[in-house]
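Asker: What follows is a single structure, and I will ask about it in a moment.
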Amino acid sequence: MQFSESWLRTFVNPALSSEALSDHLTMAGLEVEAMERVAPAFSHVVVAEIVSLAKHPDADRLNVCQVRVDDGVLRQIVCGAPNATAGMKVPCALPGAELPGGFRIEATRLRGVESGGMLCSAKELGIAEDASGLLPLSADAPVGENIRRYLDLDDRLFTLKLTPNRADCLSLSGIAREVAALAETPVTFPACVPVPVSSAARRAVRLEAPAACPRYCGRIVEGVDAQAPTPEWLRRRLERSGIRSISALVDVSNYVLLELGQPLHVFDNACLSGAVRARMARAGEKLELLNEQTVALTEDVLVIADDANVLAMAGVMGGAASGVTLATRDIFIESAFFSPRAIAGRARRYNFSSDASHRYERGVDFANTRQALERATQLVLEICGGKAGEITEASSAADLPLRSPVRLRPRRIARVLGMSFREAEITSFLNRLQLPFTRESTDFWVTPPSFRFDLEIEEDLIEEIARVHGYENLPAPEPTGKLAMLASSEDVRPEAIVRRQLADRGFQEVINFAFVEETWEADFAANSAPIRLANPIASPLAVMRSTLIGGLVANLATNLNRKQGRVRLFELGRCFTRASGHYVQPWRLAALAYGTAAPETWSGASRKVDFFDLKGDLETLLAPAVLSFAPLQHPALHPGRAASVSREGREIGWIGELHPKWTQKYDLPAAPVLFEIDLEAATAARLPAYAEVSRFQPASRDLAVVVDQKTTLEAVLAVMRAAAPTLVSDLQLFDLYQGAGIPAGKKSLAFRIVMQDTARTLLDVDMDEVVAQILSHLTEKLGAQRRA
């Protein structure tokens with residue numbers, strides 16, 4: 001919400017500077033997002049009148065102007081503006097003036113002709129971008145008047161960042177009420193007396209959807225001059241509120257919107273047929289809007305229609321066919337209250353927004369409908385002339401918002417805010433906020449006014465007390481209470497340790513949205529039925545993720561676009577799936593590595609990161625747990641370079657290289673390697689347990705076995721671990737061989753078996769028995785043969 005400070009001060013003028021006023025509003029919850037001057041600093045610029053002008057004797061595009069800047073004094077100024085005419089009043093920078101950008105004006109000669117100043121455009125004064133000609137001023141502008149004072153260029157523009165619950169502050173009247181309450185200053189609203197009815201013209205209105213439109217007022221004004229110029233004061237206030245001046249009739253409706261917060265719409269009465277109806281749209285109806293967009297209306301869209309056609313999307317935007325033009329002579333002004341539920345989301349559905357829908361979605365003062373119509377009529381008659389007919393109103397009292405009294409207890413205020421208030425203070429706060437109330441013993445029963453949709457429960461009223469008293473004035477005592485250290489389970493390690501370990505391995509943490517593009521779910525998870533968002537923040541981010549990989553791949557692409565050749569990322573976050581008709585939200589941990597295995601150094605050649613590098617990172621992260629890996633087919637991964645990850649027999653995730661087709665689709669120069677596991681597996685830890693340390697040296701034996709080519713290392717190790725007695729402390733693969741001496745379809749695996757006893761030194765016979773026991777099981781389970 002943008003507005004002019006000088007306009008606000010016509011309602012309420014506290015003895016506060018602009019900075020103090022900004023601070024008061026921000027501390028009361030109406031955050032001032034920006035405050036800036038209307039025009040940059042400049043000096044010695046006054047209102048001047050061009051008395052006469054003649055062509056420059058030495059330049060076709062220059063004029064020599066005789067300019068009056070005060071009574072009885074004429075200055076000669078050379079000017080090249082194409083719109084300069086005799087009798088025109090314009091800004092004039094006198095010698096010694098300093099314009100925005102440090103441009104200093106001095107008396108000089110232009111093509112041999114004396115020039116004692118400069119006539120200015122709006123751009124040269126820094127108040128607009130228009131540099132096509134001189135800035136024309138009103139014919140009644142006082143010659144010699146300081147231009148900053150005449151155009152009120154020392155005014156400030158405030159921009160408020162309002163929360164959705166404060167729709168009452170989407171108008172100057174609402175902001176003025178707030179300032180008056182905060183600064184304890186009287187507020188004066190514009191006088192709005194009913195205009196006399198001077199025309200018999202009348203149009204009936206009908207409520208055919210009273211729940212969506214409980215109140216509708218309309219009035220015909222005949223004989224208006226739609227070409228009448230908008231007054232300078234009104235145009236200036238609109239432009240300083242961020243609204244472009246269009247025509248007098250449209251400007252009046254926008255002005256009342258800003259002044260009172262009531263959206264209005266002006267129809268060309270000649271385009272209407274019969275009664276005006278507020279009803280729901282019918283199947284197949286279409287409407288061309290004022291923004292030239294044609295929309296197909298659905299049956300949950302509230303419309304304004306007459307006996308023949310749909311005229312407007314109620315509370316959103318009018319139709320082009322019934323809009324006013326410069327040829328309009330008779331108008332029908334609409335002022336209505338539409339239920340927020342009937343308007344919310346309708347504009348976004350058709351991919352546009354409007355000032356009216358922004359306000360109706362949040363709630364408009366339903367008691368102000370008739371007054372706003374009177375105010376608009378008053379301005380139309382003053383600016384465009386005409387004769388006003390009587391107001392026709394249709395209302396459904398049962399469907400208007402209820403204003404149920406809310407109980408406010410002083411003891412509850414003290415409990416919530418941490419300080420007590422006297423009853424007189426509470427009474428003062430409520431009166432300043434214009435909140436009517438009755439008393440019952442020590443309690444207050446407050447009836448929310450029609451312009452406050454955000455007051456429903458006692459805590460809402462307590463918040464109002466805190467705002468007016470000042471959040472900065474509330475006590476801030478140190479918290480007291482019994483604190484106890486919570487027990488920390490030794491079989492679960494904190495997530496911070498997991499993050500630190502990954503960071504120590506060179507990974508950087510990322511945090512991505514949990515809502516992702518639907519194509520990511522199809523590509524990386526083969527998920528054809530993802531969980532959809534009812535109201536996504538952006539159309540591409542329409543589903544919830546079931547894997548973290550999409551975000552990491554997008555992060556990789558972003559880094560590559562910024563010339564980062566080595567990327568190592570991880571993310572810890574929730575994924576979202578369905579199971580047995582319920583939503584499941586498991587925590588997952590994923591990591592991605594791309595580029596070289598290690599940072600480039602002088603000491604050796606670099607190599608690309610591969611599956612085994614990331615496998616080593618994962619094993620280090622979960623150590624001392626023993627992981628097992630098995631071939632895996634996964635939609636995101638290369639068919640021959642992917643594996644499932646299991647811990648103690650339970651599958652916890654997967655690891656592998658990105659599938660070539662996704663590498664190509666997402667424009668990656670090479671495939672990254674990734675893993676994704678259950679976070680629970682990463683945070684699980686073994687409880688410390690006592691184990692005797694042997695005083696005797698370890699011994700080892702090597703065992704080479706020949707197995708089928710398709711037999712995995714994990715299968716061999718599983719059999720060996722199951723067969724190994726307690727003497728075996730470690731099993732290590734140190735050689736893989738295929739070639740001469742090995743039958744086709746076979747491979748040789750060589751293991752080092754490390755053995756150690758805590759009671760004695762092992763003999764050769766002891767170690768031979770262990771090797772024989774393991775070999776026997778390998779032969780029985782896998783058909784392995786000892787390699788000679």
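Convention: chains lettered A, B, ... in structure tokens order; per-chain residue numbering from 1; ligands numbered from 1 as shown.
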Residues of stretch 679-713 of chain A that approach stretch 734-741 of chain A to 12 Å or less, counting only C-alpha atoms: could you list each one with the shortest pair of atoms and its distance in Å to one decimal, rows by chain and increasing residue number, as CSV?
Answerer:
```
residue,atom,partner,partner_atom,distance
A:Asp702,CA,A:Phe734,CA,9.3
A:Leu703,CA,A:Phe734,CA,10.2
A:Ala704,CA,A:Asp735,CA,8.5
A:Val705,CA,A:Leu736,CA,10.0
A:Val706,CA,A:Tyr737,CA,9.3
A:Val707,CA,A:Gln738,CA,10.7
A:Asp708,CA,A:Gln738,CA,11.0
A:Gln709,CA,A:Gln738,CA,9.2
A:Thr712,CA,A:Leu736,CA,11.8
A:Leu713,CA,A:Leu736,CA,10.1
```
Asker: Find the spatial neighbours of stretch 377-389 of chain A, counting only C-alpha atoms, within a cut-off of 8 Å - ignore same-chain residues fewer than 2 positions away - and output them as a ChimeraX atom specification.
Answerer: /A:192,194-202,219-231,248-249,252,373-375,391
Asker: For atom CA of A:Phe421 and atom CA of A:Ala183, quote the distance in Å rounded to one decimal.
Answerer: 18.8 Å
Asker: If you count only C-alpha atoms, which residues fall within 12 Å of A:Glu780, apart from same-chain ones fewer than 5 positions away, as a ChimeraX atom specification?
Answerer: /A:707,716,719-720,723,773-775,785
Asker: Write to file, as a PDB file, in the first residue's frame, the residues of the selection just made, with N, CA, C and O atoms.
Answerer:
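part-v3.pdb written:
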```pdb
ATOM      1  N   VAL A 707      35.163 -68.492  -8.330  1.00  0.00           N
ATOM      2  CA  VAL A 707      33.704 -68.521  -8.275  1.00  0.00           C
ATOM      3  C   VAL A 707      33.149 -68.106  -9.625  1.00  0.00           C
ATOM      4  O   VAL A 707      33.878 -67.627 -10.513  1.00  0.00           O
ATOM      5  N   VAL A 716      30.012 -63.493  -1.409  1.00  0.00           N
ATOM      6  CA  VAL A 716      31.163 -64.249  -0.914  1.00  0.00           C
ATOM      7  C   VAL A 716      31.493 -63.839   0.518  1.00  0.00           C
ATOM      8  O   VAL A 716      31.715 -64.684   1.403  1.00  0.00           O
ATOM      9  N   VAL A 719      29.049 -65.219   3.167  1.00  0.00           N
ATOM     10  CA  VAL A 719      29.293 -66.629   3.526  1.00  0.00           C
ATOM     11  C   VAL A 719      30.519 -66.743   4.422  1.00  0.00           C
ATOM     12  O   VAL A 719      30.529 -67.483   5.419  1.00  0.00           O
ATOM     13  N   MET A 720      31.569 -66.001   4.087  1.00  0.00           N
ATOM     14  CA  MET A 720      32.794 -66.069   4.880  1.00  0.00           C
ATOM     15  C   MET A 720      32.573 -65.565   6.308  1.00  0.00           C
ATOM     16  O   MET A 720      33.073 -66.152   7.268  1.00  0.00           O
ATOM     17  N   ALA A 723      30.721 -68.124   8.338  1.00  0.00           N
ATOM     18  CA  ALA A 723      31.498 -69.316   8.657  1.00  0.00           C
ATOM     19  C   ALA A 723      32.663 -69.032   9.581  1.00  0.00           C
ATOM     20  O   ALA A 723      33.183 -69.956  10.243  1.00  0.00           O
ATOM     21  N   GLN A 773      37.594 -74.323   7.304  1.00  0.00           N
ATOM     22  CA  GLN A 773      36.174 -74.151   7.656  1.00  0.00           C
ATOM     23  C   GLN A 773      35.512 -73.137   6.723  1.00  0.00           C
ATOM     24  O   GLN A 773      34.410 -73.363   6.220  1.00  0.00           O
ATOM     25  N   ILE A 774      36.209 -72.039   6.459  1.00  0.00           N
ATOM     26  CA  ILE A 774      35.643 -71.019   5.572  1.00  0.00           C
ATOM     27  C   ILE A 774      35.535 -71.555   4.153  1.00  0.00           C
ATOM     28  O   ILE A 774      34.517 -71.362   3.460  1.00  0.00           O
ATOM     29  N   LEU A 775      36.581 -72.258   3.678  1.00  0.00           N
ATOM     30  CA  LEU A 775      36.564 -72.804   2.327  1.00  0.00           C
ATOM     31  C   LEU A 775      35.451 -73.825   2.163  1.00  0.00           C
ATOM     32  O   LEU A 775      34.769 -73.858   1.119  1.00  0.00           O
ATOM     33  N   GLN A 785      35.846 -73.000  -5.592  1.00  0.00           N
ATOM     34  CA  GLN A 785      36.988 -73.900  -5.572  1.00  0.00           C
ATOM     35  C   GLN A 785      38.238 -73.108  -5.241  1.00  0.00           C
ATOM     36  O   GLN A 785      38.409 -71.972  -5.691  1.00  0.00           O
TER      37      GLN A 785
END
```
Asker: Hey, what's within 9 Å of A:Ala590 if we count only C-alpha atoms and toss same-chain stuff fewer than 3 positions away? As a VMD selection string, please?
Answerer: chain A and resid 547 to 549 552 569 to 573 674 to 679
Asker: Looking at A:Ala181, A:Gly72, A:His44, A:Leu402, which one is nearest to A:Glu464, with distances taken over only C-alpha atoms?
Answerer: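 Looking at the shortest contact to A:Glu464, the residue is A:Ala181.
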Asker: With distances taken over only C-alpha atoms, which residue among A:Thr85, A:Ser22, A:Thr711, A:Thr758 lies nearest A:Val51?
Answerer: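 Closest candidate: A:Thr85.
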Asker: Report as a list in words all protein, DNA and RNA residues lying within 12 Å of A:Asp60, evaluated on only C-alpha atoms, omitting residues in the same chain fewer than 6 positions from it.
Answerer: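 Residues near the query, excluding close chain neighbours: Ala54, Cys79, Gly80, Ala81, Pro82 and Arg111 of chain A.
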Asker: Please identify which residues in stretch 502-648 of chain A DSSP calls strand (DSSP E) from the backbone, and express them as a PyMOL selection string.
Answerer: chain A and resi 508-509+515-517+541-544+567-574+577-579+582-584+587-594+627-631+637-647
Asker: Tell me, in Å to one decimal, how far atom CA of A:Gly506 is from atom CA of A:Arg568.
Answerer: 6.6 Å
Asker: What does the distance from atom CA of A:Thr447 to atom CA of A:Thr392 come to in Å, to one decimal?
Answerer: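 We find that atom CA of A:Thr447 and atom CA of A:Thr392 lie 28.9 Å from each other.
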Asker: Pick out the closest residue to A:Gly116 from this set: A:Glu33, A:Cys65, A:Arg701, A:Gln508. Count only C-alpha atoms.
Answerer: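 That would be A:Cys65, the residue with the smallest distance to A:Gly116.
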Asker: Could you check which of A:Asp491, A:Cys92, A:Asp130, A:Thr480 is closest to A:Ala689, using only C-alpha atoms?
Answerer: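 Answer, going by the shortest atom-to-atom distance: A:Asp491.
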Asker: Which residues are near A:Thr620? Cut-off 10 Å, only C-alpha atoms, ignore same chain within fewer than 4 positions. Put them as a CSV table (one decimal) with all heavy atoms, in the first residue's frame.
Answerer:
```
chain,number,residue,atom,x,y,z
A,501,GLN,N,30.4,-34.4,9.5
A,501,GLN,CA,31.2,-35.4,8.8
A,501,GLN,C,31.2,-35.2,7.3
A,501,GLN,O,32.2,-35.3,6.6
A,501,GLN,CB,30.7,-36.8,9.2
A,501,GLN,CG,31.2,-37.3,10.5
A,501,GLN,CD,30.8,-38.8,10.7
A,501,GLN,OE1,29.7,-39.1,11.0
A,501,GLN,NE2,31.8,-39.6,10.6
A,502,LEU,N,30.0,-34.9,6.8
A,502,LEU,CA,29.9,-34.7,5.3
A,502,LEU,C,30.7,-33.4,4.9
A,502,LEU,O,31.4,-33.4,3.9
A,502,LEU,CB,28.5,-34.6,4.9
A,502,LEU,CG,27.7,-35.9,4.8
A,502,LEU,CD1,26.2,-35.7,4.7
A,502,LEU,CD2,28.2,-36.8,3.7
A,505,ARG,N,34.2,-34.1,4.6
A,505,ARG,CA,34.6,-34.8,3.4
A,505,ARG,C,34.5,-33.9,2.2
A,505,ARG,O,34.6,-34.4,1.0
A,505,ARG,CB,33.6,-36.0,3.2
A,505,ARG,CG,33.6,-37.0,4.4
A,505,ARG,CD,34.9,-37.8,4.4
A,505,ARG,NE,35.0,-38.7,3.3
A,505,ARG,CZ,36.0,-39.6,3.2
A,505,ARG,NH1,37.0,-39.6,4.1
A,505,ARG,NH2,36.1,-40.4,2.2
A,614,LEU,N,32.4,-42.1,-4.1
A,614,LEU,CA,31.3,-41.8,-3.3
A,614,LEU,C,30.9,-42.9,-2.3
A,614,LEU,O,30.5,-42.7,-1.2
A,614,LEU,CB,30.1,-41.4,-4.2
A,614,LEU,CG,28.9,-40.8,-3.4
A,614,LEU,CD1,29.3,-39.4,-2.9
A,614,LEU,CD2,27.7,-40.6,-4.4
A,615,LYS,N,31.2,-44.2,-2.8
A,615,LYS,CA,30.9,-45.3,-1.9
A,615,LYS,C,31.8,-45.3,-0.7
A,615,LYS,O,31.4,-45.5,0.4
A,615,LYS,CB,31.2,-46.6,-2.7
A,615,LYS,CG,31.1,-47.9,-1.9
A,615,LYS,CD,31.3,-49.1,-2.9
A,615,LYS,CE,31.4,-50.4,-2.1
A,615,LYS,NZ,32.6,-50.6,-1.3
A,616,GLY,N,33.1,-44.8,-0.9
A,616,GLY,CA,34.0,-44.6,0.3
A,616,GLY,C,33.5,-43.6,1.2
A,616,GLY,O,33.6,-43.7,2.4
A,624,PRO,N,31.3,-47.4,12.3
A,624,PRO,CA,31.9,-48.7,11.9
A,624,PRO,C,30.9,-49.7,11.4
A,624,PRO,O,31.2,-50.9,11.3
A,624,PRO,CB,32.4,-49.2,13.3
A,624,PRO,CG,31.4,-48.6,14.3
A,624,PRO,CD,31.0,-47.3,13.7
A,625,ALA,N,29.7,-49.3,11.0
A,625,ALA,CA,28.7,-50.3,10.5
A,625,ALA,C,29.2,-50.8,9.2
A,625,ALA,O,29.9,-50.1,8.4
A,625,ALA,CB,27.4,-49.6,10.3
```
Asker: Hey, what's within 12 Å of A:Ser539 if we count only C-alpha atoms and toss same-chain stuff fewer than 4 positions away? As a list of chain:residue names, please?
Answerer: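 The residues satisfying every condition are A:Arg348, A:Arg349, A:Asn351, A:Phe515, A:Val516, A:Glu517, A:Glu518, A:Arg532, A:Leu533, A:Ala534, A:Asn535, A:Val543.
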Asker: What does the file look like for those residues with C-alpha atoms, as a PDB file, in the first residue's frame?
Answerer:
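Below is the file that was written, result.pdb:
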```
ATOM      1  CA  ARG A 348      -5.272 -15.853  -9.647  1.00  0.00           C
ATOM      2  CA  ARG A 349      -7.149 -18.620 -11.427  1.00  0.00           C
ATOM      3  CA  ASN A 351      -3.514 -15.324 -14.018  1.00  0.00           C
ATOM      4  CA  PHE A 515       7.690 -28.823  -3.658  1.00  0.00           C
ATOM      5  CA  VAL A 516       9.235 -29.579  -7.024  1.00  0.00           C
ATOM      6  CA  GLU A 517       8.548 -29.830 -10.730  1.00  0.00           C
ATOM      7  CA  GLU A 518       6.398 -32.764 -11.757  1.00  0.00           C
ATOM      8  CA  ARG A 532      -0.138 -32.493  -5.606  1.00  0.00           C
ATOM      9  CA  LEU A 533      -0.372 -29.116  -3.918  1.00  0.00           C
ATOM     10  CA  ALA A 534      -3.809 -27.535  -3.753  1.00  0.00           C
ATOM     11  CA  ASN A 535      -2.385 -24.005  -4.059  1.00  0.00           C
ATOM     12  CA  VAL A 543       3.994 -31.475  -6.431  1.00  0.00           C
TER      13      VAL A 543
END
```
Asker: May I have all residues of stretch 424-608 of chain A that DSSP, computed from the backbone, assigns to helix (DSSP H, G or I), given as a ChimeraX atom specification?
Answerer: /A:424-432,458-469,471-473,495-504,518-525,549-561
Asker: For each of A:Asp454, A:Glu5, A:Asp667, A:Asp23, take the minimum atom-to-atom distance to A:Arg166, counting only C-alpha atoms, then give the residue where this is smallest.
Answerer: A:Asp454
